[in-house]
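So this one's data-v5.cif, mmCIF, C-alpha atoms:
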data_coords
#
loop_
_atom_site.label_atom_id
_atom_site.label_comp_id
_atom_site.auth_asym_id
_atom_site.auth_seq_id
_atom_site.Cartn_x
_atom_site.Cartn_y
_atom_site.Cartn_z
CA MET Y 1 109.94 17.25 27.80
CA TYR Y 2 113.09 19.06 28.95
CA ARG Y 3 114.89 18.74 25.66
CA ASP Y 4 112.65 21.21 23.89
CA TRP Y 5 113.43 24.30 25.89
CA VAL Y 6 116.91 23.30 27.13
CA GLU Y 7 118.08 22.52 23.62
CA THR Y 8 116.50 25.72 22.34
CA ALA Y 9 118.34 27.71 25.01
CA LEU Y 10 121.66 26.02 24.22
CA ALA Y 11 121.23 26.46 20.49
CA GLN Y 12 120.36 30.14 21.00
CA GLU Y 13 123.12 31.03 23.41
CA LEU Y 14 126.06 28.82 22.48
CA GLY Y 15 126.29 29.58 18.79
CA PRO Y 16 129.60 30.37 17.06
CA VAL Y 17 131.08 33.85 17.33
CA PRO Y 18 133.69 35.64 15.20
CA ALA Y 19 137.22 35.67 16.55
CA PRO Y 20 138.54 39.04 17.76
CA ALA Y 21 140.65 40.95 15.27
CA ASP Y 22 143.68 40.87 17.57
CA LEU Y 23 143.86 37.08 17.85
CA TRP Y 24 146.51 36.77 15.13
CA GLN Y 25 148.65 39.37 16.88
CA ARG Y 26 148.20 37.41 20.08
CA ILE Y 27 149.37 34.19 18.40
CA GLN Y 28 152.46 35.96 17.07
CA ASN Y 29 153.21 37.46 20.45
CA PRO Y 30 151.94 34.83 22.87
CA ARG Y 31 151.57 35.40 26.55
CA THR Y 32 152.59 32.90 29.15
CA VAL Y 33 149.35 31.26 30.22
CA SER Y 34 149.11 30.88 33.97
CA ARG Y 35 147.63 27.60 35.15
CA ARG Y 36 147.57 28.55 38.80
CA SER Y 37 144.56 29.65 40.79
CA VAL Y 38 143.33 33.17 40.26
CA PRO Y 39 144.79 35.31 43.05
CA SER Y 40 142.87 37.94 44.93
CA ARG Y 41 141.89 41.18 43.27
CA THR Y 42 144.49 43.10 45.32
CA TRP Y 43 147.23 40.83 44.10
CA ASN Y 44 145.90 41.10 40.56
CA VAL Y 45 146.18 44.88 40.66
CA ALA Y 46 149.63 44.76 42.27
CA ALA Y 47 150.85 42.16 39.78
CA LEU Y 48 149.46 44.15 36.87
CA ALA Y 49 151.23 47.29 38.04
CA ALA Y 50 154.48 45.40 38.55
CA CYS Y 51 154.24 43.76 35.12
CA ALA Y 52 153.50 47.08 33.45
CA ALA Y 53 156.52 48.65 35.14
CA MET Y 54 158.76 45.74 34.18
CA ALA Y 55 157.44 45.79 30.62
CA LEU Y 56 158.21 49.49 30.31
CA VAL Y 57 161.74 49.01 31.65
CA THR Y 58 162.28 46.00 29.40
CA MET Y 59 160.98 47.83 26.34
CA TRP Y 60 163.21 50.77 27.16
CA LEU Y 61 166.26 48.55 27.52
CA HIS Y 62 165.45 46.12 24.68
CA PRO Y 63 163.05 47.40 22.05
CA TRP Y 64 162.12 43.90 20.80
CA ARG Y 65 158.96 43.52 18.84
CA HIS Y 66 158.16 39.95 19.82
CA GLU Y 67 159.23 37.60 22.53
CA ILE Y 68 158.32 34.16 23.82
CA ARG Y 69 159.34 32.51 27.07
CA SER Y 70 159.24 28.76 26.73
CA SER Y 71 161.41 25.68 27.27
CA ASP Y 72 159.46 23.64 24.72
CA SER Y 73 161.69 23.39 21.65
CA ARG Y 74 158.81 22.49 19.33
CA GLN Y 75 156.89 25.53 20.50
CA VAL Y 76 159.92 27.81 20.19
CA ARG Y 77 160.71 26.44 16.73
CA ALA Y 78 157.13 26.95 15.55
CA TRP Y 79 157.01 30.44 17.00
CA VAL Y 80 160.31 31.48 15.37
CA ARG Y 81 159.13 30.01 12.08
CA ALA Y 82 155.77 31.78 12.24
CA THR Y 83 157.19 35.16 13.25
CA SER Y 84 160.45 35.34 11.30
CA GLY Y 85 160.05 32.75 8.56
CA VAL Y 86 163.32 31.12 9.65
CA ASP Y 87 163.10 27.41 10.41
CA VAL Y 88 165.75 26.62 13.01
CA PRO Y 89 165.86 22.82 13.21
CA LEU Y 90 165.82 22.57 17.00
CA GLU Y 91 165.67 19.02 18.25
CA ALA Y 92 162.24 18.16 19.68
CA GLN Y 93 163.90 16.41 22.62
CA LEU Y 94 166.99 18.28 23.77
CA PRO Y 95 169.81 16.60 25.70
CA ALA Y 96 169.62 16.93 29.48
CA HIS Y 97 172.40 19.54 29.57
CA LEU Y 98 170.51 21.92 27.27
CA GLN Y 99 167.39 23.86 28.18
CA LEU Y 100 165.68 26.53 26.09
CA THR Y 101 164.44 29.61 27.92
CA GLY Y 102 162.87 31.64 25.12
CA ALA Y 103 163.28 33.59 21.90
CA ARG Y 104 162.96 37.12 20.56
CA PHE Y 105 162.43 38.55 17.14
CA SER Y 106 163.07 42.00 15.71
CA LYS Y 107 163.49 43.36 12.21
CA GLU Y 108 167.19 42.67 12.27
CA GLN Y 109 167.59 39.32 13.98
CA THR Y 110 166.19 36.45 15.97
CA GLU Y 111 167.68 35.35 19.27
CA ILE Y 112 167.09 31.98 20.90
CA ASP Y 113 168.14 31.86 24.54
CA TYR Y 114 169.06 28.66 26.29
CA ARG Y 115 171.12 27.27 29.13
CA VAL Y 116 174.04 24.87 28.80
CA ARG Y 117 174.40 22.99 32.07
CA THR Y 118 173.98 26.04 34.35
CA HIS Y 119 175.27 28.74 31.99
CA ALA Y 120 173.25 31.14 29.87
CA ALA Y 121 173.95 31.03 26.11
CA ARG Y 122 172.43 32.40 22.92
CA LEU Y 123 171.90 31.46 19.29
CA THR Y 124 171.48 34.52 17.07
CA ILE Y 125 170.15 34.33 13.52
CA GLY Y 126 170.79 37.43 11.43
CA GLY Y 127 173.08 40.36 11.92
CA ARG Y 128 176.74 40.43 10.97
CA LYS Y 129 179.04 37.45 10.87
CA THR Y 130 181.52 37.67 13.71
CA ALA Y 131 184.97 36.13 14.05
CA SER Y 132 184.75 32.69 15.67
CA ASN Y 133 186.76 31.97 18.79
CA SER Y 134 186.66 29.51 21.69
CA THR Y 135 183.31 30.76 22.97
CA THR Y 136 181.71 32.11 19.80
CA PHE Y 137 181.02 30.29 16.55
CA SER Y 138 179.55 32.01 13.53
CA TRP Y 139 178.55 30.47 10.21
CA THR Y 140 176.34 31.17 7.19
CA MET Y 141 173.51 28.87 6.10
CA ASP Y 142 170.82 29.57 3.50
CA GLY Y 143 172.04 33.15 3.29
CA LYS Y 144 171.61 33.78 6.99
CA VAL Y 145 174.29 34.28 9.59
CA TYR Y 146 174.03 32.02 12.64
CA THR Y 147 176.06 32.81 15.76
CA LEU Y 148 176.40 30.69 18.87
CA ALA Y 149 177.70 32.56 21.91
CA CYS Y 150 178.53 30.83 25.19
CA GLY Y 151 180.56 31.65 28.25
CA ASP Y 152 182.65 28.49 28.14
CA PRO Y 153 184.38 26.58 25.30
CA GLU Y 154 182.85 23.28 26.44
CA ASP Y 155 179.41 24.88 26.38
CA LEU Y 156 179.99 25.83 22.74
CA ARG Y 157 180.66 22.20 21.84
CA LEU Y 158 177.63 21.01 23.80
CA SER Y 159 175.45 23.60 22.04
CA CYS Y 160 175.57 21.53 18.84
CA GLY Y 161 172.95 19.39 20.58
CA LEU Y 162 170.36 22.11 19.95
CA CYS Y 163 170.01 20.91 16.37
CA HIS Y 164 172.10 17.75 16.14
CA ILE Y 165 171.75 14.57 18.19
CA GLY Y 166 175.02 12.93 19.17
CA MET I 1 145.14 30.91 -7.46
CA VAL I 2 143.00 30.49 -4.35
CA LEU I 3 144.44 28.01 -1.90
CA GLU I 4 142.05 25.87 0.09
CA ALA I 5 142.88 26.21 3.77
CA ASN I 6 142.63 22.50 4.44
CA GLY I 7 144.17 21.52 1.12
CA GLY I 8 147.44 19.72 0.73
CA GLN I 9 149.30 22.81 -0.43
CA VAL I 10 148.50 24.84 2.67
CA ILE I 11 149.19 21.94 5.02
CA GLN I 12 152.47 21.27 3.24
CA GLY I 13 153.28 24.97 3.41
CA CYS I 14 152.69 24.94 7.16
CA GLN I 15 154.83 21.83 7.50
CA THR I 16 157.71 23.56 5.71
CA GLY I 17 157.37 26.72 7.76
CA ASP I 18 155.73 29.04 5.22
CA PRO I 19 154.32 32.00 7.24
CA ASP I 20 151.71 32.69 4.52
CA ALA I 21 150.42 29.15 4.84
CA PHE I 22 150.14 29.56 8.61
CA ARG I 23 148.13 32.72 8.06
CA ILE I 24 145.77 31.06 5.59
CA PHE I 25 145.23 28.19 7.99
CA PHE I 26 144.63 30.61 10.87
CA GLU I 27 142.11 32.69 8.93
CA ALA I 28 140.18 29.59 7.96
CA HIS I 29 139.87 28.25 11.49
CA LYS I 30 140.10 31.23 13.84
CA ASP I 31 136.32 31.62 14.35
CA ARG I 32 135.85 27.94 15.07
CA VAL I 33 138.74 27.84 17.52
CA TYR I 34 137.72 31.00 19.33
CA SER I 35 134.07 29.94 19.53
CA ILE I 36 134.94 26.62 21.15
CA ALA I 37 137.30 28.33 23.58
CA LEU I 38 134.76 31.03 24.47
CA ARG I 39 131.81 28.72 24.90
CA TYR I 40 133.88 26.31 26.97
CA SER I 41 135.50 28.89 29.25
CA GLY I 42 132.67 31.40 29.44
CA ASN I 43 134.86 34.49 29.22
CA HIS I 44 136.88 36.33 26.61
CA ALA I 45 140.23 36.49 28.43
CA ALA I 46 140.31 32.75 29.06
CA ALA I 47 139.15 32.12 25.50
CA MET I 48 142.09 34.13 24.15
CA ASP I 49 144.48 32.08 26.31
CA ILE I 50 142.96 28.81 25.14
CA ALA I 51 142.89 29.90 21.47
CA GLN I 52 146.56 30.90 21.75
CA GLU I 53 147.42 27.47 23.14
CA ILE I 54 145.44 25.74 20.40
CA PHE I 55 147.15 27.57 17.53
CA LEU I 56 150.63 27.26 19.03
CA LYS I 57 150.00 23.56 19.46
CA VAL I 58 148.75 23.31 15.87
CA PHE I 59 151.77 25.16 14.48
CA SER I 60 154.24 23.17 16.57
CA SER I 61 152.78 19.78 15.76
CA ILE I 62 151.56 20.19 12.19
CA GLU I 63 154.68 18.38 11.01
CA ASP I 64 153.21 15.29 12.59
CA PHE I 65 149.91 15.60 10.73
CA ARG I 66 149.78 12.67 8.35
CA GLY I 67 146.22 12.96 7.10
CA ASP I 68 144.96 9.86 8.90
CA ALA I 69 142.03 11.97 10.08
CA SER I 70 140.62 15.10 8.46
CA VAL I 71 142.19 18.45 9.31
CA GLU I 72 138.99 19.43 11.13
CA THR I 73 139.02 16.31 13.31
CA TRP I 74 142.71 16.83 14.09
CA LEU I 75 142.07 20.47 14.97
CA TYR I 76 139.04 19.58 17.11
CA ARG I 77 141.13 17.08 19.06
CA ILE I 78 143.76 19.70 19.79
CA ALA I 79 141.05 22.18 20.77
CA VAL I 80 139.38 19.69 23.09
CA ASN I 81 142.67 18.83 24.78
CA ALA I 82 143.51 22.52 25.21
CA CYS I 83 140.11 23.16 26.80
CA LEU I 84 140.38 20.18 29.13
CA ASP I 85 143.96 21.08 30.05
CA PHE I 86 143.01 24.59 30.93
CA GLN I 87 143.00 24.22 34.68
CA ARG I 88 142.95 27.81 35.69
CA HIS I 89 140.10 28.64 38.02
CA THR I 90 137.77 31.13 36.48
CA GLU I 91 135.88 33.68 38.41
CA ARG I 92 132.14 33.70 38.10
CA HIS I 93 131.14 35.81 35.18
CA VAL I 94 129.01 38.71 36.35
CA PRO I 95 127.59 40.71 33.48
CA ALA I 96 129.46 43.97 33.26
CA TRP I 97 127.60 47.22 33.48
CA GLY I 98 128.48 47.81 29.86
CA GLU I 99 126.65 44.66 28.82
CA TRP I 100 123.49 45.87 30.51
CA ILE I 101 123.85 49.29 28.94
CA GLU I 102 124.32 47.62 25.58
CA ALA I 103 121.29 45.44 26.22
CA VAL I 104 118.96 48.30 27.07
CA THR I 105 120.19 50.58 24.32
CA ALA I 106 120.00 48.01 21.50
CA LYS I 107 117.47 49.04 18.91
CA GLY I 108 114.45 47.11 17.72
CA GLU I 109 113.29 45.46 20.94
CA SER I 110 111.49 46.56 24.06
CA ILE I 111 113.66 47.27 27.07
CA LEU I 112 112.03 44.40 28.97
CA ASN I 113 112.78 41.96 26.17
CA ARG I 114 116.38 43.11 26.02
CA LEU I 115 116.85 42.66 29.73
CA LEU I 116 115.20 39.24 29.64
CA ARG I 117 117.37 38.20 26.72
CA ALA I 118 120.47 39.38 28.57
CA GLU I 119 119.35 37.40 31.61
CA VAL I 120 118.80 34.22 29.61
CA GLU I 121 122.16 34.62 27.89
CA ASP I 122 124.04 35.22 31.11
CA ASP I 123 122.34 32.41 33.00
CA VAL I 124 122.94 29.85 30.25
CA HIS I 125 126.62 30.77 30.00
CA ARG I 126 127.02 30.76 33.77
CA VAL I 127 125.41 27.35 34.23
CA VAL I 128 127.21 25.77 31.26
CA ALA I 129 130.48 26.99 32.81
CA THR I 130 129.69 24.97 35.94
CA LEU I 131 129.20 21.68 34.11
CA PRO I 132 131.89 19.02 34.62
CA ALA I 133 134.58 19.36 31.95
CA GLU I 134 133.73 16.18 30.07
CA GLN I 135 130.04 17.16 29.83
CA ARG I 136 130.81 20.78 28.98
CA ILE I 137 133.04 19.92 26.04
CA VAL I 138 130.34 17.65 24.62
CA VAL I 139 127.78 20.45 24.95
CA VAL I 140 130.12 22.89 23.17
CA LEU I 141 130.89 20.51 20.31
CA ARG I 142 127.18 19.75 19.94
CA TYR I 143 125.70 23.24 20.16
CA THR I 144 128.53 25.54 19.09
CA GLU I 145 129.86 23.36 16.31
CA GLY I 146 126.70 21.40 15.52
CA LEU I 147 128.54 18.08 15.39
CA SER I 148 126.82 14.71 15.37
CA TYR I 149 127.21 12.16 18.14
CA ASP I 150 129.45 10.09 15.87
CA GLN I 151 131.71 13.04 15.08
CA ILE I 152 132.01 13.98 18.75
CA ALA I 153 132.76 10.37 19.65
CA SER I 154 135.52 10.27 17.02
CA ILE I 155 137.10 13.45 18.38
CA LEU I 156 136.91 12.38 22.02
CA GLY I 157 137.90 8.79 21.35
CA CYS I 158 134.81 7.32 22.99
CA SER I 159 131.60 5.66 21.84
CA PRO I 160 128.53 7.54 20.58
CA GLY I 161 126.68 6.02 23.53
CA THR I 162 129.08 7.74 25.92
CA VAL I 163 128.50 11.02 24.13
CA ALA I 164 124.73 10.58 24.41
CA SER I 165 125.06 9.72 28.09
CA ARG I 166 127.19 12.80 28.88
CA LEU I 167 124.85 15.04 26.92
CA ASN I 168 121.85 13.58 28.70
CA ARG I 169 123.42 14.22 32.11
CA ALA I 170 124.29 17.76 31.06
CA HIS I 171 120.73 18.37 29.88
CA LYS I 172 119.35 17.23 33.23
CA ILE I 173 121.69 19.52 35.16
CA LEU I 174 120.82 22.42 32.89
CA GLU I 175 117.12 21.73 33.17
CA ARG I 176 117.35 21.82 36.96
CA LYS I 177 119.56 24.89 37.24
CA LEU I 178 117.82 26.88 34.52
CA SER I 179 114.25 25.93 35.42
CA HIS I 180 113.44 29.58 36.12
CA LEU I 181 114.01 30.32 32.43
CA LYS I 182 111.61 27.68 31.17
CA GLY I 183 108.85 30.05 30.11
CA MET I 184 111.26 32.66 28.79
CA VAL I 185 113.35 30.63 26.36
CA GLY I 186 112.16 31.12 22.82
CA ASN I 187 109.83 33.97 23.81
CA VAL I 188 112.40 36.74 24.20
#

Represent the supplied structure as structure tokens.
Amino acid sequence: MYRDWVETALAQELGPVPAPADLWQRIQNPRTVSRRSVPSRTWNVAALAACAAMALVTMWLHPWRHEIRSSDSRQVRAWVRATSGVDVPLEAQLPAHLQLTGARFSKEQTEIDYRVRTHAARLTIGGRKTASNSTTFSWTMDGKVYTLACGDPEDLRLSCGLCHIG
Amino acid sequence: MVLEANGGQVIQGCQTGDPDAFRIFFEAHKDRVYSIALRYSGNHAAAMDIAQEIFLKVFSSIEDFRGDASVETWLYRIAVNACLDFQRHTERHVPAWGEWIEAVTAKGESILNRLLRAEVEDDVHRVVATLPAEQRIVVVLRYTEGLSYDQIASILGCSPGTVASRLNRAHKILERKLSHLKGMVGNV
């Protein structure tokens, strides 16, 4: 009867295990999960070295504590909420001319990066309120300063679509 | 006041973006999520990736949780989908030298028993990792989580008969591929 020993083996070896202590940190600072085939060991080593070098340069230039790269507005919203406690009501389905690229969080402020048509733009939550002009709009909501910064006045108008349909 | 992790207050807290509620929810379910991910993928690095995907999916979709199913069932469904979606090819797990060192230096057993136990453990994990995805996830839910056929069927959205059939096919594959362990299982 195969079930006796096969089931015993499965019950013995597939039992639950405790989660690693760093899992929560990993959730707060998620990595982009590759879904491509595993490359060769040589490429792994080369990629690792390149990533480490880029990470060091990036950390030197921008000492951010947490960062996520994602175009999924629900994922970005949840990540910002979990890391900073700020709920930015990003639309689940953004208009075609808007695309999120990621977000960062530090002690002082949160930045959500996106593209309007083909131009890079940024929504910053926190920091000082700046004077609004044709490419920058700053307002206060729930005690926090929100600032939209774009390279083009039309992009600023289109950016409303991040949180407001229509 | 102690909040129950699956209680309405914590779920509501998560739905309104309360970081403390997220943390309570995470602490309550982290072992379950990681265990499923590890037993399904067969290695720690992949398990961390899968667990990350599961919790990010939970946090980003908890607003949609309406309580039609239990929190556990909802979480299991997300975990199953994350496992099945995880398409990255995994390299065959070869026990690291450190694992063998750990095995032979563990106290309380003879060296032979430790090595045999390590061999059984490695072979079972290796063969389970080769099962087709739909059979592997049934095996994990059955033996890691101890779920009944009905519970697994509810999570996978299939009949209990389908669950039994997949498990039966998995058992036959495992019996064939692990036949060399037959006399060792339960004795080491």

Identify all residues satisfying the PyMOL selection byres ((chain Y and resi 96-110) around 8) in the given file; provide them as a ChimeraX atom specification.
/Y:64-73,76,80,83-84,94-95,111-117,124-127,158-159,161-162

Any chance you could work out the residue set of the PyMOL selection byres ((chain Y and resi 13-29) around 8) here, as a PyMOL selection string?
(chain Y and resi 9-12+30-31+66-68+79+82-83) or (chain I and resi 26+30-32+34-36+39+48+52+55-56+121+124-125+140+143-145)

Which distance in Å separates CA of Val128 (chain I) and CA of Arg169 (chain I), to one decimal?
12.2 Å

All residues 9 Å or closer to Phe86 (chain I), only C-alpha atoms, same chain fewer than 6 positions away omitted, as a PyMOL selection string
(chain Y and resi 35) or (chain I and resi 41+46+49-50)

With C-alpha atoms kept, could you save the residues just selected as a PDB file, keeping the file's coordinate frame?
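Output (part_24.pdb):
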ATOM      1  CA  ARG Y  35     147.630  27.600  35.150  1.00  0.00           C
TER       2      ARG Y  35
ATOM      3  CA  SER I  41     135.500  28.890  29.250  1.00  0.00           C
ATOM      4  CA  ALA I  46     140.310  32.750  29.060  1.00  0.00           C
ATOM      5  CA  ASP I  49     144.480  32.080  26.310  1.00  0.00           C
ATOM      6  CA  ILE I  50     142.960  28.810  25.140  1.00  0.00           C
TER       7      ILE I  50
END

Nearest to chain Y: which of I:Ala69, I:Ile62, I:Val163, I:Val10 is it, counting all atoms listed in the file?
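When distances to chain Y are compared using all atoms listed in the file, the smallest one comes from I:Ile62.
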
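As for CA of Ser138 (chain Y) and CA of Asp87 (chain Y), they are spaced 17.4 Å apart.
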
Please evaluate the PyMOL selection byres ((chain Y and resi 134) around 9) against the structure above and give the resulting residues as a list of chain:residue names.
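The output of the PyMOL selection byres ((chain Y and resi 134) around 9) on this file is Y:Ser132, Y:Asn133, Y:Thr135, Y:Thr136, Y:Phe137, Y:Cys150, Y:Asp152, Y:Pro153, Y:Glu154, Y:Leu156.
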
Point out the residue among I:Glu72, I:Glu63, I:Asp123, I:Asp18 with the least atom-to-atom distance to chain Y, counting only C-alpha atoms.
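Closest candidate: I:Asp18.
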
Restricting the calculation to only C-alpha atoms: of I:Val71, I:Glu134, I:Ala37, I:Phe25, which residue gets closest to Phe59 (chain I)?
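For Phe59 (chain I), the nearest of the given residues is I:Phe25.
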
Nearest to Thr73 (chain I): which of I:Ala164, I:Ile137, I:Cys158, I:Ile152 is it, counting only C-alpha atoms?
I:Ile152

Separation of CA of Ile173 (chain I) and CA of Leu141 (chain I), in Å?
17.5 Å

Is it possible to get the axis-aligned box enclosing region 90-106 of chain Y (all listed atoms, 4 Å extra per side) as JSON, with centre and edge lengths in Å rounded to one decimal?
{"center_x": 167.3, "center_y": 29.2, "center_z": 22.6, "size_x": 18.2, "size_y": 33.6, "size_z": 21.9}

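Nearest residue to Arg74 (chain Y), choosing from Y:Ala92, Y:Val86, Y:Cys160, Y:Ala53 and counting all atoms listed in the file: Y:Ala92.
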
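Non-sequential neighbours of Cys163 (chain Y) (distance at most 6 Å, separation of 4 or more positions within a chain, only C-alpha atoms) are Pro89, Leu90 and Glu91 of chain Y.
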
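Take the candidates Y:Arg128, Y:Ile165, Y:Asp155, Y:Val88 and check each one against Asp142 (chain Y) using only C-alpha atoms; the shortest distance goes to Y:Val88.
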
Repair of region 168-183 of chain I at the level of N, CA and C atoms, as a CSV table (one decimal), in the coordinates of the input:
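Here's the written file rebuild02.csv:
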chain,number,residue,atom,x,y,z
I,168,ASN,N,123.1,13.8,27.9
I,168,ASN,CA,121.8,13.6,28.7
I,168,ASN,C,122.0,14.1,30.1
I,169,ARG,N,123.2,13.8,30.7
I,169,ARG,CA,123.4,14.2,32.1
I,169,ARG,C,123.5,15.7,32.1
I,170,ALA,N,124.2,16.3,31.1
I,170,ALA,CA,124.3,17.8,31.1
I,170,ALA,C,122.9,18.4,30.9
I,171,HIS,N,122.1,17.8,30.1
I,171,HIS,CA,120.7,18.4,29.9
I,171,HIS,C,120.0,18.4,31.2
I,172,LYS,N,120.1,17.3,32.0
I,172,LYS,CA,119.4,17.2,33.2
I,172,LYS,C,119.8,18.3,34.2
I,173,ILE,N,121.2,18.5,34.3
I,173,ILE,CA,121.7,19.5,35.2
I,173,ILE,C,121.2,20.9,34.7
I,174,LEU,N,121.3,21.1,33.4
I,174,LEU,CA,120.8,22.4,32.9
I,174,LEU,C,119.3,22.6,33.1
I,175,GLU,N,118.6,21.6,33.0
I,175,GLU,CA,117.1,21.7,33.2
I,175,GLU,C,116.8,22.1,34.6
I,176,ARG,N,117.6,21.5,35.5
I,176,ARG,CA,117.4,21.8,37.0
I,176,ARG,C,117.8,23.2,37.3
I,177,LYS,N,119.0,23.6,36.8
I,177,LYS,CA,119.6,24.9,37.2
I,177,LYS,C,119.0,26.1,36.5
I,178,LEU,N,118.4,25.8,35.3
I,178,LEU,CA,117.8,26.9,34.5
I,178,LEU,C,116.3,26.8,34.5
I,179,SER,N,115.7,26.1,35.5
I,179,SER,CA,114.2,25.9,35.4
I,179,SER,C,113.5,27.3,35.4
I,180,HIS,N,114.1,28.3,36.1
I,180,HIS,CA,113.4,29.6,36.1
I,180,HIS,C,113.3,30.3,34.7
I,181,LEU,N,114.0,29.7,33.8
I,181,LEU,CA,114.0,30.3,32.4
I,181,LEU,C,113.0,29.6,31.5
I,182,LYS,N,112.4,28.6,32.0
I,182,LYS,CA,111.6,27.7,31.2
I,182,LYS,C,110.6,28.4,30.3
I,183,GLY,N,109.9,29.3,30.9
I,183,GLY,CA,108.8,30.0,30.1
I,183,GLY,C,109.4,31.2,29.3
